[in-house]
Every structure is written in C-alpha cells, then in structure tokens.
>>> print(open('work-v8.cif').read())   # mmCIF, C-alpha atoms
data_target
loop_
_atom_site.label_atom_id
_atom_site.label_comp_id
_atom_site.auth_asym_id
_atom_site.auth_seq_id
_atom_site.Cartn_x
_atom_site.Cartn_y
_atom_site.Cartn_z
CA MET M 6 -181.79 -9.00 73.93
CA ALA M 7 -185.05 -7.17 73.25
CA VAL M 8 -185.21 -5.98 76.85
CA VAL M 9 -181.63 -4.68 76.64
CA ILE M 10 -182.33 -2.82 73.38
CA ILE M 11 -185.52 -1.26 74.80
CA GLY M 12 -183.62 -0.27 77.95
CA VAL M 13 -180.83 1.40 75.95
CA LEU M 14 -183.34 3.27 73.79
CA ALA M 15 -185.29 4.43 76.85
CA LEU M 16 -182.09 5.63 78.52
CA ASN M 17 -181.06 7.63 75.47
CA VAL M 18 -184.51 9.21 75.18
CA TYR M 19 -184.28 10.18 78.84
CA LEU M 20 -180.78 11.64 78.48
CA PHE M 21 -181.56 13.71 75.41
CA THR M 22 -184.93 15.08 76.55
CA ARG M 23 -183.87 16.41 79.95
CA PRO M 24 -184.18 20.18 80.48
CA PRO M 25 -180.90 22.14 80.54
CA ALA M 26 -179.11 22.66 83.83
CA LYS M 27 -179.89 25.77 85.86
CA THR M 28 -176.72 25.75 87.96
CA LEU M 29 -174.02 24.51 85.59
CA ARG M 30 -172.89 25.44 82.09
CA SER M 31 -171.09 22.97 79.83
CA LEU M 32 -167.68 24.07 78.54
CA GLY M 33 -167.13 21.01 76.38
CA THR M 34 -165.16 17.81 76.81
CA ILE M 35 -161.54 16.74 76.93
CA ASP M 36 -160.40 13.59 75.16
CA VAL M 37 -157.42 12.05 76.96
CA PRO M 38 -154.95 10.60 74.41
CA ALA M 39 -154.48 6.86 74.84
CA PRO M 40 -153.42 3.92 72.66
CA PHE M 41 -156.23 1.92 71.09
CA ARG M 42 -157.33 -1.07 73.17
CA ILE M 43 -160.28 -3.43 72.82
CA THR M 44 -161.78 -2.62 76.20
CA ARG M 45 -164.26 -0.28 77.78
CA PRO M 46 -162.35 2.96 78.46
CA PHE M 47 -162.44 3.95 82.12
CA ILE M 48 -161.02 7.04 83.81
CA ASP M 49 -161.09 6.85 87.59
CA TYR M 50 -159.94 9.70 89.87
CA MET M 51 -158.47 13.05 88.88
CA ALA M 52 -156.39 15.72 90.64
CA ILE M 53 -155.72 19.36 89.84
CA GLU M 54 -152.87 21.69 90.77
CA GLY M 55 -152.59 25.14 89.24
CA GLN M 56 -153.33 24.74 85.53
CA ARG M 57 -152.51 21.05 85.40
CA LEU M 58 -155.22 18.39 85.45
CA TYR M 59 -154.00 14.84 86.14
CA VAL M 60 -156.28 12.09 84.87
CA ALA M 61 -155.93 8.45 85.99
CA PHE M 62 -156.89 6.40 82.92
CA ALA M 63 -157.32 3.03 84.67
CA SER M 64 -158.30 0.93 81.66
CA HIS M 65 -155.22 2.08 79.72
CA ASN M 66 -152.65 2.01 82.53
CA LEU M 67 -151.65 5.65 82.19
CA VAL M 68 -151.99 9.14 83.61
CA GLY M 69 -152.83 11.96 81.24
CA VAL M 70 -151.65 15.49 82.01
CA ILE M 71 -153.96 18.22 80.68
CA ASP M 72 -153.45 21.98 80.48
CA ALA M 73 -156.63 23.17 82.22
CA GLY M 74 -156.35 26.54 80.50
CA THR M 75 -156.48 25.17 76.98
CA ASN M 76 -157.88 21.65 77.60
CA ARG M 77 -154.94 20.26 75.62
CA SER M 78 -152.82 17.24 76.45
CA ILE M 79 -149.32 18.00 77.76
CA ALA M 80 -147.96 14.57 78.61
CA THR M 81 -148.78 10.92 79.14
CA ILE M 82 -147.19 8.69 81.77
CA GLU M 83 -147.61 5.03 80.79
CA GLY M 84 -146.82 1.71 82.46
CA LEU M 85 -149.07 2.20 85.51
CA PRO M 86 -151.10 -1.04 85.93
CA ARG M 87 -154.79 -0.18 86.49
CA VAL M 88 -154.00 3.25 87.89
CA HIS M 89 -156.81 4.62 90.07
CA GLY M 90 -155.74 7.94 91.53
CA VAL M 91 -153.10 10.66 91.71
CA ALA M 92 -151.75 12.43 94.82
CA LEU M 93 -149.74 15.57 94.11
CA VAL M 94 -146.84 16.68 96.31
CA PRO M 95 -145.91 20.01 94.67
CA ASP M 96 -143.32 21.02 97.27
CA ARG M 97 -141.26 18.01 96.13
CA SER M 98 -142.39 18.18 92.48
CA LEU M 99 -143.67 14.61 92.72
CA ALA M 100 -146.86 12.74 91.93
CA PHE M 101 -147.84 9.44 93.54
CA VAL M 102 -150.25 7.12 91.73
CA SER M 103 -152.12 4.05 92.99
CA GLU M 104 -151.51 0.99 90.77
CA GLY M 105 -154.35 -1.39 91.58
CA ALA M 106 -153.10 -4.29 89.48
CA ALA M 107 -149.55 -4.07 90.84
CA ASN M 108 -150.36 -3.58 94.55
CA ALA M 109 -148.01 -0.64 94.39
CA VAL M 110 -147.71 3.13 94.24
CA GLY M 111 -145.82 4.64 91.33
CA VAL M 112 -143.91 7.91 91.62
CA PHE M 113 -143.26 10.32 88.75
CA ALA M 114 -141.69 13.78 88.51
CA LEU M 115 -144.00 16.73 87.91
CA THR M 116 -141.23 18.50 86.01
CA ASN M 117 -140.47 16.00 83.22
CA HIS M 118 -143.19 13.35 83.89
CA GLN M 119 -140.60 10.59 84.18
CA LEU M 120 -141.49 7.53 86.24
CA LEU M 121 -139.02 7.36 89.13
CA LYS M 122 -139.97 4.51 91.43
CA GLU M 123 -142.55 1.92 92.44
CA ILE M 124 -143.37 1.44 96.13
CA SER M 125 -145.09 -1.67 97.48
CA ALA M 126 -148.54 -1.07 99.01
CA GLY M 127 -151.45 -3.26 100.14
CA ALA M 128 -153.89 -5.25 98.02
CA ASP M 129 -155.57 -3.18 95.29
CA PRO M 130 -154.54 0.40 96.20
CA ASP M 131 -157.31 2.75 95.10
CA ALA M 132 -157.90 6.30 96.39
CA ILE M 133 -154.73 8.22 97.18
CA ILE M 134 -154.20 11.64 98.80
CA TYR M 135 -151.44 13.83 100.23
CA ASP M 136 -151.68 14.75 103.91
CA GLN M 137 -149.92 18.11 103.69
CA LYS M 138 -150.03 18.79 107.43
CA LEU M 139 -148.03 15.63 108.27
CA GLN M 140 -146.27 15.45 104.89
CA LEU M 141 -147.35 11.89 104.20
CA VAL M 142 -148.98 10.21 101.21
CA TYR M 143 -151.91 7.96 102.15
CA VAL M 144 -153.30 5.25 99.88
CA ALA M 145 -156.48 3.25 100.54
CA ASP M 146 -155.91 -0.46 99.83
CA HIS M 147 -159.42 -1.54 98.83
CA ASP M 148 -159.11 -5.33 98.81
CA GLY M 149 -156.54 -5.38 101.60
CA GLU M 150 -158.81 -3.30 103.90
CA THR M 151 -155.76 -1.29 104.94
CA GLY M 152 -154.27 2.16 104.52
CA THR M 153 -150.63 2.57 103.54
CA LEU M 154 -148.61 5.61 104.59
CA ILE M 155 -145.69 6.70 102.40
CA ASP M 156 -142.96 9.21 103.20
CA PRO M 157 -142.50 11.41 100.09
CA GLN M 158 -139.00 12.32 101.20
CA THR M 159 -137.61 8.77 101.47
CA LEU M 160 -140.05 7.32 98.90
CA ALA M 161 -140.77 4.42 101.22
CA ALA M 162 -143.84 2.97 102.93
CA VAL M 163 -143.69 3.72 106.65
CA ALA M 164 -146.86 2.07 108.00
CA THR M 165 -149.80 -0.18 107.15
CA ILE M 166 -152.99 0.54 109.10
CA PRO M 167 -155.84 -2.03 109.40
CA LEU M 168 -159.16 -0.34 108.67
CA GLY M 169 -161.76 -3.04 109.32
CA GLY M 170 -163.50 -2.61 105.98
CA GLU M 171 -163.13 -1.84 102.28
CA PRO M 172 -161.94 1.76 101.80
CA GLU M 173 -163.26 4.04 99.10
CA TYR M 174 -162.47 7.77 99.01
CA CYS M 175 -160.69 9.68 101.79
CA GLN M 176 -159.81 13.21 102.92
CA ALA M 177 -157.01 14.69 105.03
CA ASP M 178 -157.65 17.44 107.57
CA PRO M 179 -155.29 20.35 106.80
CA VAL M 180 -155.49 21.50 110.43
CA SER M 181 -154.89 18.30 112.42
CA GLY M 182 -153.49 15.93 109.80
CA LEU M 183 -156.16 13.34 110.66
CA ILE M 184 -157.45 11.29 107.72
CA TYR M 185 -161.14 10.53 107.18
CA GLN M 186 -161.83 7.33 105.26
CA ASN M 187 -165.11 5.99 103.82
CA LEU M 188 -165.58 2.23 104.32
CA GLU M 189 -167.82 0.85 101.61
CA ASP M 190 -168.90 -2.48 103.09
CA THR M 191 -169.45 -1.36 106.70
CA SER M 192 -171.07 2.00 105.82
CA GLU M 193 -168.76 3.98 108.07
CA VAL M 194 -166.30 6.82 108.08
CA VAL M 195 -163.23 5.96 110.13
CA VAL M 196 -160.84 8.55 111.54
CA ILE M 197 -157.15 7.69 111.14
CA ASP M 198 -154.38 9.25 113.18
CA PRO M 199 -151.27 8.89 110.98
CA GLU M 200 -148.98 9.70 113.91
CA LYS M 201 -150.48 6.90 116.04
CA ARG M 202 -150.70 4.67 112.95
CA ALA M 203 -154.21 3.65 113.97
CA VAL M 204 -157.96 4.17 113.54
CA ILE M 205 -159.06 6.27 116.52
CA ARG M 206 -162.81 6.73 115.83
CA ARG M 207 -165.58 5.13 113.78
CA TYR M 208 -168.66 7.03 112.56
CA LYS M 209 -171.77 5.16 111.39
CA LEU M 210 -173.45 6.62 108.30
CA ALA M 211 -176.98 5.17 108.63
CA PRO M 212 -179.33 5.94 106.93
CA GLY M 213 -176.56 6.13 104.33
CA GLU M 214 -175.37 2.80 102.93
CA THR M 215 -172.29 1.91 100.89
CA PRO M 216 -170.34 5.19 100.85
CA THR M 217 -168.09 6.06 97.93
CA GLY M 218 -167.22 9.75 97.44
CA LEU M 219 -166.10 11.92 100.35
CA ALA M 220 -165.66 15.70 100.47
CA PHE M 221 -164.62 17.91 103.38
CA ASP M 222 -165.32 21.44 104.63
CA SER M 223 -162.34 21.79 106.96
CA VAL M 224 -163.29 25.31 108.13
CA ASN M 225 -166.74 24.33 109.37
CA ARG M 226 -165.76 20.74 110.29
CA ARG M 227 -168.24 18.98 108.01
CA LEU M 228 -167.78 15.78 106.02
CA PHE M 229 -169.94 15.01 102.97
CA SER M 230 -170.25 11.28 102.34
CA ALA M 231 -172.00 10.17 99.14
CA THR M 232 -173.68 6.78 99.45
CA ARG M 233 -174.95 4.30 96.90
CA ASN M 234 -178.50 4.34 98.33
CA LYS M 235 -178.87 7.85 96.87
CA LYS M 236 -178.02 9.95 99.90
CA LEU M 237 -175.50 12.61 100.81
CA ILE M 238 -174.77 12.31 104.52
CA VAL M 239 -173.39 15.42 106.23
CA LEU M 240 -171.63 14.79 109.51
CA ASN M 241 -169.62 16.65 112.09
CA SER M 242 -166.02 15.59 111.51
CA ASP M 243 -165.12 15.99 115.19
CA THR M 244 -168.02 14.05 116.74
CA GLY M 245 -169.52 11.94 113.96
CA GLU M 246 -172.97 13.45 114.52
CA ILE M 247 -175.11 13.34 111.37
CA VAL M 248 -176.50 16.83 110.79
CA ALA M 249 -178.16 16.44 107.37
CA ASP M 250 -179.33 13.79 104.91
CA LEU M 251 -179.95 14.92 101.32
CA PRO M 252 -181.22 13.14 98.20
CA ILE M 253 -178.87 12.48 95.28
CA GLU M 254 -179.23 10.31 92.18
CA LEU M 255 -178.29 6.77 91.25
CA GLY M 256 -174.77 5.50 90.66
CA VAL M 257 -172.81 8.00 92.75
CA ASP M 258 -169.06 7.63 93.01
CA GLY M 259 -167.34 10.99 93.51
CA ALA M 260 -168.08 14.03 95.67
CA ALA M 261 -166.46 17.47 95.86
CA TYR M 262 -166.84 20.72 97.79
CA ASP M 263 -166.24 24.27 96.58
CA PRO M 264 -165.39 26.27 99.73
CA MET M 265 -165.81 29.65 98.03
CA LEU M 266 -169.30 29.00 96.65
CA HIS M 267 -170.34 26.65 99.48
CA TRP M 268 -171.59 24.15 96.93
CA ILE M 269 -171.30 20.37 97.22
CA TYR M 270 -171.34 18.20 94.10
CA THR M 271 -171.90 14.48 93.63
CA ALA M 272 -171.17 12.71 90.34
CA ASN M 273 -173.96 10.23 89.62
CA GLY M 274 -173.32 7.54 87.02
CA VAL M 275 -176.91 7.75 85.77
CA GLY M 276 -175.86 11.00 84.09
CA SER M 277 -176.15 13.89 86.52
CA ILE M 278 -174.39 16.05 89.08
CA THR M 279 -176.39 16.75 92.22
CA VAL M 280 -175.70 20.36 93.24
CA ILE M 281 -176.24 21.10 96.93
CA GLN M 282 -176.14 24.52 98.59
CA GLN M 283 -174.61 24.91 102.05
CA ASP M 284 -176.71 27.69 103.61
CA SER M 285 -175.06 27.29 107.01
CA THR M 286 -173.02 24.65 108.79
CA ASP M 287 -176.06 22.46 109.48
CA HIS M 288 -178.51 23.61 106.79
CA TYR M 289 -178.39 22.43 103.17
CA ARG M 290 -180.56 22.50 100.04
CA ALA M 291 -180.44 20.29 96.96
CA LEU M 292 -180.56 22.80 94.09
CA GLU M 293 -180.90 20.37 91.19
CA ASN M 294 -179.70 17.22 89.51
CA ALA M 295 -177.85 18.90 86.66
CA PRO M 296 -177.72 16.72 83.51
CA THR M 297 -174.28 15.52 82.46
CA HIS M 298 -172.98 12.47 80.59
CA PHE M 299 -174.08 8.93 81.32
CA GLY M 300 -171.28 7.15 83.16
CA GLY M 301 -169.92 10.33 84.77
CA HIS M 302 -168.81 8.91 88.10
CA SER M 303 -165.92 10.96 89.54
CA LEU M 304 -165.17 14.65 89.63
CA VAL M 305 -162.75 17.30 90.82
CA VAL M 306 -163.25 21.04 91.37
CA ASP M 307 -160.70 23.70 90.49
CA PRO M 308 -160.66 25.96 93.59
CA VAL M 309 -159.51 28.96 91.54
CA THR M 310 -161.74 28.87 88.45
CA HIS M 311 -164.55 26.86 90.14
CA ARG M 312 -164.73 24.64 87.07
CA ILE M 313 -165.93 21.07 87.61
CA TYR M 314 -164.27 18.19 85.76
CA VAL M 315 -166.31 14.99 85.45
CA ALA M 316 -164.82 11.69 84.23
CA TYR M 317 -166.97 9.47 82.05
CA PHE M 318 -165.55 6.45 80.21
CA GLY M 319 -162.46 7.81 78.37
CA SER M 320 -163.29 11.52 78.42
CA VAL M 321 -163.61 14.41 80.86
CA ALA M 322 -166.55 16.83 80.72
CA VAL M 323 -165.96 20.41 81.89
CA TYR M 324 -168.58 22.61 83.59
CA GLU M 325 -168.71 25.96 85.33
CA PRO M 326 -171.25 27.36 87.81
CA ILE M 327 -173.84 29.55 86.11
CA GLN M 328 -174.72 31.59 89.18
CA PRO M 329 -173.13 31.41 92.59
CA GLY M 330 -176.19 33.20 94.05
CA PRO M 331 -176.26 32.80 97.85
CA GLY M 332 -173.31 30.45 97.57
CA VAL M 333 -170.90 33.35 97.97
CA LEU M 334 -172.11 33.68 101.55
CA ARG M 335 -169.28 33.36 104.08
CA LEU M 336 -170.03 31.19 107.08
CA SER M 337 -168.82 31.78 110.59
CA PRO M 338 -167.39 28.86 112.64
CA SER M 339 -170.81 28.56 114.33
CA GLY M 340 -172.42 27.99 110.95
CA ASN M 341 -174.38 31.23 110.96
CA PRO M 342 -173.97 34.01 108.42
CA PRO M 343 -171.58 36.66 109.75
CA ALA M 344 -173.18 39.88 110.96
CA SER M 345 -173.30 42.65 108.37
#
>>> encode(input="work-v8.cif", output="structure tokens")
Amino acid sequence: MAVVIIGVLALNVYLFTRPPAKTLRSLGTIDVPAPFRITRPFIDYMAIEGQRLYVAFASHNLVGVIDAGTNRSIATIEGLPRVHGVALVPDRSLAFVSEGAANAVGVFALTNHQLLKEISAGADPDAIIYDQKLQLVYVADHDGETGTLIDPQTLAAVATIPLGGEPEYCQADPVSGLIYQNLEDTSEVVVIDPEKRAVIRRYKLAPGETPTGLAFDSVNRRLFSATRNKKLIVLNSDTGEIVADLPIELGVDGAAYDPMLHWIYTANGVGSITVIQQDSTDHYRALENAPTHFGGHSLVVDPVTHRIYVAYFGSVAVYEPIQPGPGVLRLSPSGNPPAS
C-alpha cells in the first residue's frame, strides 16, 4: 500500500510540474453525460463528421454526440454493450458501432439518433471504420482474430475474413479500397482486399512490437503504426518497407494524422501526445511530448479546424496546434518539397 501511495504521489508531482506544451494549446475538456455507475469510466474510440463528435463510452454502454462548435452534448444513444468505436456513413445518414460485449454491430440514424438494428459480428468487435471507396463497413473482431465486412445498404454482414492475429486499429485506403490492419500479438500490419475477402500481404513491424494505433497518409502512401514498445513505425503502404522509426512515450493506444499540417500524433496513456513533423515522405522529426491528461489513450483530429480530441477516462480533452510552422509544407508524391 505504501508503494502504491508513493507511486501515485510521484505521478501527480510529475504531471503537475511538466513545462507547458510548445506545439499544442488546451481548449478545455468535454464531459460526456452518462448515468452514474460504480465503475471506472472509459471512453474508447471517437469519430468526427462536420461539427459532430461521436464518443464511444465503453464503460457506460453508450455513444455521446457532441457539438464540436460549442462542446455541448446533443444526444446520447444507450443500450450498446461495451461499445468501442463508431463508423460514420454520412451518405446513408447512418452510424455503425462495435458492441464488444454483444459480438455485434449496432446501427443508429444520424438524423434522430434512434437505434435501428443489431448485426452479428465476430468475437469482441473493436475498431470499426467505413471503407468509402468500396462502400463497406469493416469491424475488427479482436478476440475472434477476424474482420467482418458489412454492407450499409442491406445492413447485413457479407464476409468474415481470418486475420491470423488480434486486430487493433485499422485504416481504409480511399484510392484502392484496401484495408490496413494492425495485429497486436504478431506485431504486423496486414493488407486486406475486401473484394477478394482475404489478407493479401503481411508487413512485419520490427523493431516495433505490439501495435495499437494506426494512421494513414494516403497521398504519400505512408502508414504510421504506434507500438507499445514506445515507437512510431512509418512504412510504405504499398511495399511494407519501414522508412522511419521514431520515439514516443509509454502507454500508446491511438494515432492520428493531419494531412494539412503534416503532423502525426500519438496518444500516450502516461499523459502526453507525441507530436511528429513529416518533413518529407521519408523524413520525420519528433517535435515534443506535449503534456495532456493521464489516461489519455485515443484521439481524433478534426481535418477542418485541426483540433485534437483526446479521450481520458470519462472525458474528452480538446487541443489546437499552436504553430503549424513548416507543417504547412506541401509534399510532392516523391516526398520532396515542390519547387517554388
């Protein structure tokens, strides 16, 4: 008990004596309304579309809808057992949510937030995304080691794809429709062809181990895989070649990429966001480990305002870039700055 108390005190001293961030400015926090429960509050993944922020409140079995302009709650969708993530399909005014405790995907309307249907998935569905190119919803079944494809038109599962490992976060290529999937236990990124209903390539992440968050620069064909051994691995999405290996901090879960600023972020549970500058396709710099809230583990970036939303326990912290600096640099397909 004494060791625990000393550890907690030391952590708090560390958190409150860190210098202020140089790259990010705090804009406050958002409390997501939820019924009282005797449990540790836990928000998992988030998604943003326009001025709506969708927050998967896993410990309370609900999704909170937040007005990103005012940071106020708009709606709450309840009855979603251990909800992990939200995939938005705006052209059909639908949202699909992964229900880990129900081995299912719930569907609700974006217009009135009414729950419409529950679709069977694999064991413990976790990360969930919309593949806009192929118009399919993909959900990563963590315990089942599979990926489930869902047709948003028929609201039915159309395929189950064996992955050969435990999936964490994933990304869809807006150009080809291929899906890139982190595998936590095998330390790989696998490439899924939804049309073939199969894994077509496997990329090893060593020296990265135990990948969690995954972000994607589709223009320059670069994947950013955040790993639990405190590394961000940058790899060529077409070949799997590792082109960079950058230091991040402990407890990483989420990763995000701002294509306008050319900044990559990782949310580290120890209480920081690692901010990384993409100078060119194959050259990167870690700018700083910006202090945030302890427990901040997942994040999403608003592509319009460039605000960063970080989930920690039952709240969401909001940040904005202080100075884009060289991040506004546009990169050519070769990875070199365009000629002036």
>>> resolve_selection(input="work-v8.cif", expression="the PyMOL selection byres ((chain M and resi 29-35) around 7)", output="list in words")
Ala26, Lys27, Thr28, Asp36, Val37, Asn76, Ala295, Ser320, Val321, Ala322, Val323, Tyr324, Glu325, Pro326 and Ile327 of chain M
>>> closest_residue(input="work-v8.cif", among="M:Val70, M:Ile48, M:Ala162, M:Ala177", to="His118 in chain M", atoms="all atoms listed in the file")
M:Val70
>>> resolve_selection(input="work-v8.cif", expression="the PyMOL selection byres ((chain M and resi 83) around 7)", output="PyMOL selection string")
chain M and resi 66-68+81-82+84-85
>>> atom_distance(input="work-v8.cif", atom1="CA of Asn117 in chain M", atom2="CA of Ile134 in chain M")
21.2 Å
>>> residues_around(input="work-v8.cif", residues="Met51 in chain M", least_positions_apart="6", cutoff="7 Å", atoms="all atoms listed in the file", output="list in words")
Tyr59, Val60, Ala61, Gly90, Val91, Leu304 and Val305 of chain M
>>> resolve_selection(input="work-v8.cif", expression="the PyMOL selection byres ((chain M and resi 246) around 12)", output="JSON, numbers by chain")
{"M": [194, 207, 208, 209, 210, 211, 226, 227, 228, 238, 239, 240, 241, 242, 243, 244, 245, 247, 248, 249, 250, 287]}
>>> residues_near_point(input="work-v8.cif", point="(-148.5, 12.1, 104.6)", cutoff="8 Å", atoms="all atoms listed in the file", output="PyMOL selection string")
chain M and resi 135-143+154-157+199
>>> atom_distance(input="work-v8.cif", atom1="CA of Asp258 in chain M", atom2="CA of Tyr50 in chain M")
9.9 Å
>>> build_atoms(input="work-v8.cif", residues="range 24-58 of chain M", atoms="N, CA and C atoms", output="PDB file, in the coordinates of the input")
ATOM      1  N   PRO M  24    -184.340  18.725  80.598  1.00  0.00           N
ATOM      2  CA  PRO M  24    -184.180  20.180  80.480  1.00  0.00           C
ATOM      3  C   PRO M  24    -182.739  20.575  80.786  1.00  0.00           C
ATOM      4  N   PRO M  25    -182.281  21.706  80.273  1.00  0.00           N
ATOM      5  CA  PRO M  25    -180.900  22.140  80.540  1.00  0.00           C
ATOM      6  C   PRO M  25    -180.690  22.456  82.011  1.00  0.00           C
ATOM      7  N   ALA M  26    -179.439  22.374  82.435  1.00  0.00           N
ATOM      8  CA  ALA M  26    -179.110  22.660  83.830  1.00  0.00           C
ATOM      9  C   ALA M  26    -179.329  24.129  84.148  1.00  0.00           C
ATOM     10  N   LYS M  27    -179.717  24.403  85.390  1.00  0.00           N
ATOM     11  CA  LYS M  27    -179.890  25.770  85.860  1.00  0.00           C
ATOM     12  C   LYS M  27    -178.664  26.278  86.610  1.00  0.00           C
ATOM     13  N   THR M  28    -177.854  25.347  87.111  1.00  0.00           N
ATOM     14  CA  THR M  28    -176.720  25.750  87.960  1.00  0.00           C
ATOM     15  C   THR M  28    -175.373  25.608  87.277  1.00  0.00           C
ATOM     16  N   LEU M  29    -175.291  24.775  86.237  1.00  0.00           N
ATOM     17  CA  LEU M  29    -174.020  24.510  85.590  1.00  0.00           C
ATOM     18  C   LEU M  29    -174.105  24.763  84.096  1.00  0.00           C
ATOM     19  N   ARG M  30    -172.982  25.230  83.530  1.00  0.00           N
ATOM     20  CA  ARG M  30    -172.890  25.440  82.090  1.00  0.00           C
ATOM     21  C   ARG M  30    -171.786  24.545  81.539  1.00  0.00           C
ATOM     22  N   SER M  31    -172.078  23.846  80.461  1.00  0.00           N
ATOM     23  CA  SER M  31    -171.090  22.970  79.830  1.00  0.00           C
ATOM     24  C   SER M  31    -170.051  23.785  79.075  1.00  0.00           C
ATOM     25  N   LEU M  32    -168.787  23.437  79.268  1.00  0.00           N
ATOM     26  CA  LEU M  32    -167.680  24.070  78.540  1.00  0.00           C
ATOM     27  C   LEU M  32    -167.014  23.095  77.576  1.00  0.00           C
ATOM     28  N   GLY M  33    -167.677  21.978  77.332  1.00  0.00           N
ATOM     29  CA  GLY M  33    -167.130  21.010  76.380  1.00  0.00           C
ATOM     30  C   GLY M  33    -166.496  19.808  77.066  1.00  0.00           C
ATOM     31  N   THR M  34    -165.780  19.032  76.296  1.00  0.00           N
ATOM     32  CA  THR M  34    -165.160  17.810  76.810  1.00  0.00           C
ATOM     33  C   THR M  34    -163.686  17.752  76.418  1.00  0.00           C
ATOM     34  N   ILE M  35    -162.952  16.962  77.194  1.00  0.00           N
ATOM     35  CA  ILE M  35    -161.540  16.740  76.930  1.00  0.00           C
ATOM     36  C   ILE M  35    -161.350  15.256  76.634  1.00  0.00           C
ATOM     37  N   ASP M  36    -160.750  14.959  75.494  1.00  0.00           N
ATOM     38  CA  ASP M  36    -160.400  13.590  75.160  1.00  0.00           C
ATOM     39  C   ASP M  36    -158.956  13.343  75.599  1.00  0.00           C
ATOM     40  N   VAL M  37    -158.756  12.361  76.459  1.00  0.00           N
ATOM     41  CA  VAL M  37    -157.420  12.050  76.960  1.00  0.00           C
ATOM     42  C   VAL M  37    -156.742  11.091  75.990  1.00  0.00           C
ATOM     43  N   PRO M  38    -155.618  11.471  75.382  1.00  0.00           N
ATOM     44  CA  PRO M  38    -154.950  10.600  74.410  1.00  0.00           C
ATOM     45  C   PRO M  38    -154.540   9.269  75.050  1.00  0.00           C
ATOM     46  N   ALA M  39    -154.835   8.191  74.349  1.00  0.00           N
ATOM     47  CA  ALA M  39    -154.480   6.860  74.840  1.00  0.00           C
ATOM     48  C   ALA M  39    -154.394   5.906  73.661  1.00  0.00           C
ATOM     49  N   PRO M  40    -153.510   4.905  73.731  1.00  0.00           N
ATOM     50  CA  PRO M  40    -153.420   3.920  72.660  1.00  0.00           C
ATOM     51  C   PRO M  40    -154.727   3.141  72.523  1.00  0.00           C
ATOM     52  N   PHE M  41    -155.015   2.690  71.313  1.00  0.00           N
ATOM     53  CA  PHE M  41    -156.230   1.920  71.090  1.00  0.00           C
ATOM     54  C   PHE M  41    -156.150   0.573  71.802  1.00  0.00           C
ATOM     55  N   ARG M  42    -157.230   0.234  72.512  1.00  0.00           N
ATOM     56  CA  ARG M  42    -157.330  -1.070  73.170  1.00  0.00           C
ATOM     57  C   ARG M  42    -158.760  -1.548  73.047  1.00  0.00           C
ATOM     58  N   ILE M  43    -158.934  -2.857  72.893  1.00  0.00           N
ATOM     59  CA  ILE M  43    -160.280  -3.430  72.820  1.00  0.00           C
ATOM     60  C   ILE M  43    -160.764  -3.640  74.248  1.00  0.00           C
ATOM     61  N   THR M  44    -161.278  -2.586  74.826  1.00  0.00           N
ATOM     62  CA  THR M  44    -161.780  -2.620  76.200  1.00  0.00           C
ATOM     63  C   THR M  44    -162.646  -1.401  76.419  1.00  0.00           C
ATOM     64  N   ARG M  45    -163.454  -1.440  77.453  1.00  0.00           N
ATOM     65  CA  ARG M  45    -164.260  -0.280  77.780  1.00  0.00           C
ATOM     66  C   ARG M  45    -163.360   0.758  78.445  1.00  0.00           C
ATOM     67  N   PRO M  46    -163.207   1.947  77.853  1.00  0.00           N
ATOM     68  CA  PRO M  46    -162.350   2.960  78.460  1.00  0.00           C
ATOM     69  C   PRO M  46    -162.902   3.395  79.812  1.00  0.00           C
ATOM     70  N   PHE M  47    -162.012   3.583  80.770  1.00  0.00           N
ATOM     71  CA  PHE M  47    -162.440   3.950  82.120  1.00  0.00           C
ATOM     72  C   PHE M  47    -161.417   4.856  82.774  1.00  0.00           C
ATOM     73  N   ILE M  48    -161.815   6.111  83.015  1.00  0.00           N
ATOM     74  CA  ILE M  48    -161.020   7.040  83.810  1.00  0.00           C
ATOM     75  C   ILE M  48    -161.565   7.001  85.233  1.00  0.00           C
ATOM     76  N   ASP M  49    -160.660   6.896  86.205  1.00  0.00           N
ATOM     77  CA  ASP M  49    -161.090   6.850  87.590  1.00  0.00           C
ATOM     78  C   ASP M  49    -160.945   8.235  88.224  1.00  0.00           C
ATOM     79  N   TYR M  50    -160.055   8.418  89.173  1.00  0.00           N
ATOM     80  CA  TYR M  50    -159.940   9.700  89.870  1.00  0.00           C
ATOM     81  C   TYR M  50    -159.082  10.696  89.100  1.00  0.00           C
ATOM     82  N   MET M  51    -159.251  11.968  89.465  1.00  0.00           N
ATOM     83  CA  MET M  51    -158.470  13.050  88.880  1.00  0.00           C
ATOM     84  C   MET M  51    -157.954  13.945  89.998  1.00  0.00           C
ATOM     85  N   ALA M  52    -156.926  14.731  89.689  1.00  0.00           N
ATOM     86  CA  ALA M  52    -156.390  15.720  90.640  1.00  0.00           C
ATOM     87  C   ALA M  52    -156.003  16.960  89.853  1.00  0.00           C
ATOM     88  N   ILE M  53    -156.066  18.116  90.516  1.00  0.00           N
ATOM     89  CA  ILE M  53    -155.720  19.360  89.840  1.00  0.00           C
ATOM     90  C   ILE M  53    -154.803  20.191  90.720  1.00  0.00           C
ATOM     91  N   GLU M  54    -153.816  20.808  90.080  1.00  0.00           N
ATOM     92  CA  GLU M  54    -152.870  21.690  90.770  1.00  0.00           C
ATOM     93  C   GLU M  54    -152.492  22.795  89.802  1.00  0.00           C
ATOM     94  N   GLY M  55    -152.833  24.042  90.164  1.00  0.00           N
ATOM     95  CA  GLY M  55    -152.590  25.140  89.240  1.00  0.00           C
ATOM     96  C   GLY M  55    -153.368  24.915  87.949  1.00  0.00           C
ATOM     97  N   GLN M  56    -152.663  24.959  86.821  1.00  0.00           N
ATOM     98  CA  GLN M  56    -153.330  24.740  85.530  1.00  0.00           C
ATOM     99  C   GLN M  56    -153.109  23.338  84.992  1.00  0.00           C
ATOM    100  N   ARG M  57    -152.748  22.415  85.848  1.00  0.00           N
ATOM    101  CA  ARG M  57    -152.510  21.050  85.400  1.00  0.00           C
ATOM    102  C   ARG M  57    -153.570  20.107  85.975  1.00  0.00           C
ATOM    103  N   LEU M  58    -154.251  19.399  85.080  1.00  0.00           N
ATOM    104  CA  LEU M  58    -155.220  18.390  85.450  1.00  0.00           C
ATOM    105  C   LEU M  58    -154.610  17.022  85.202  1.00  0.00           C
TER     106      LEU M  58
END
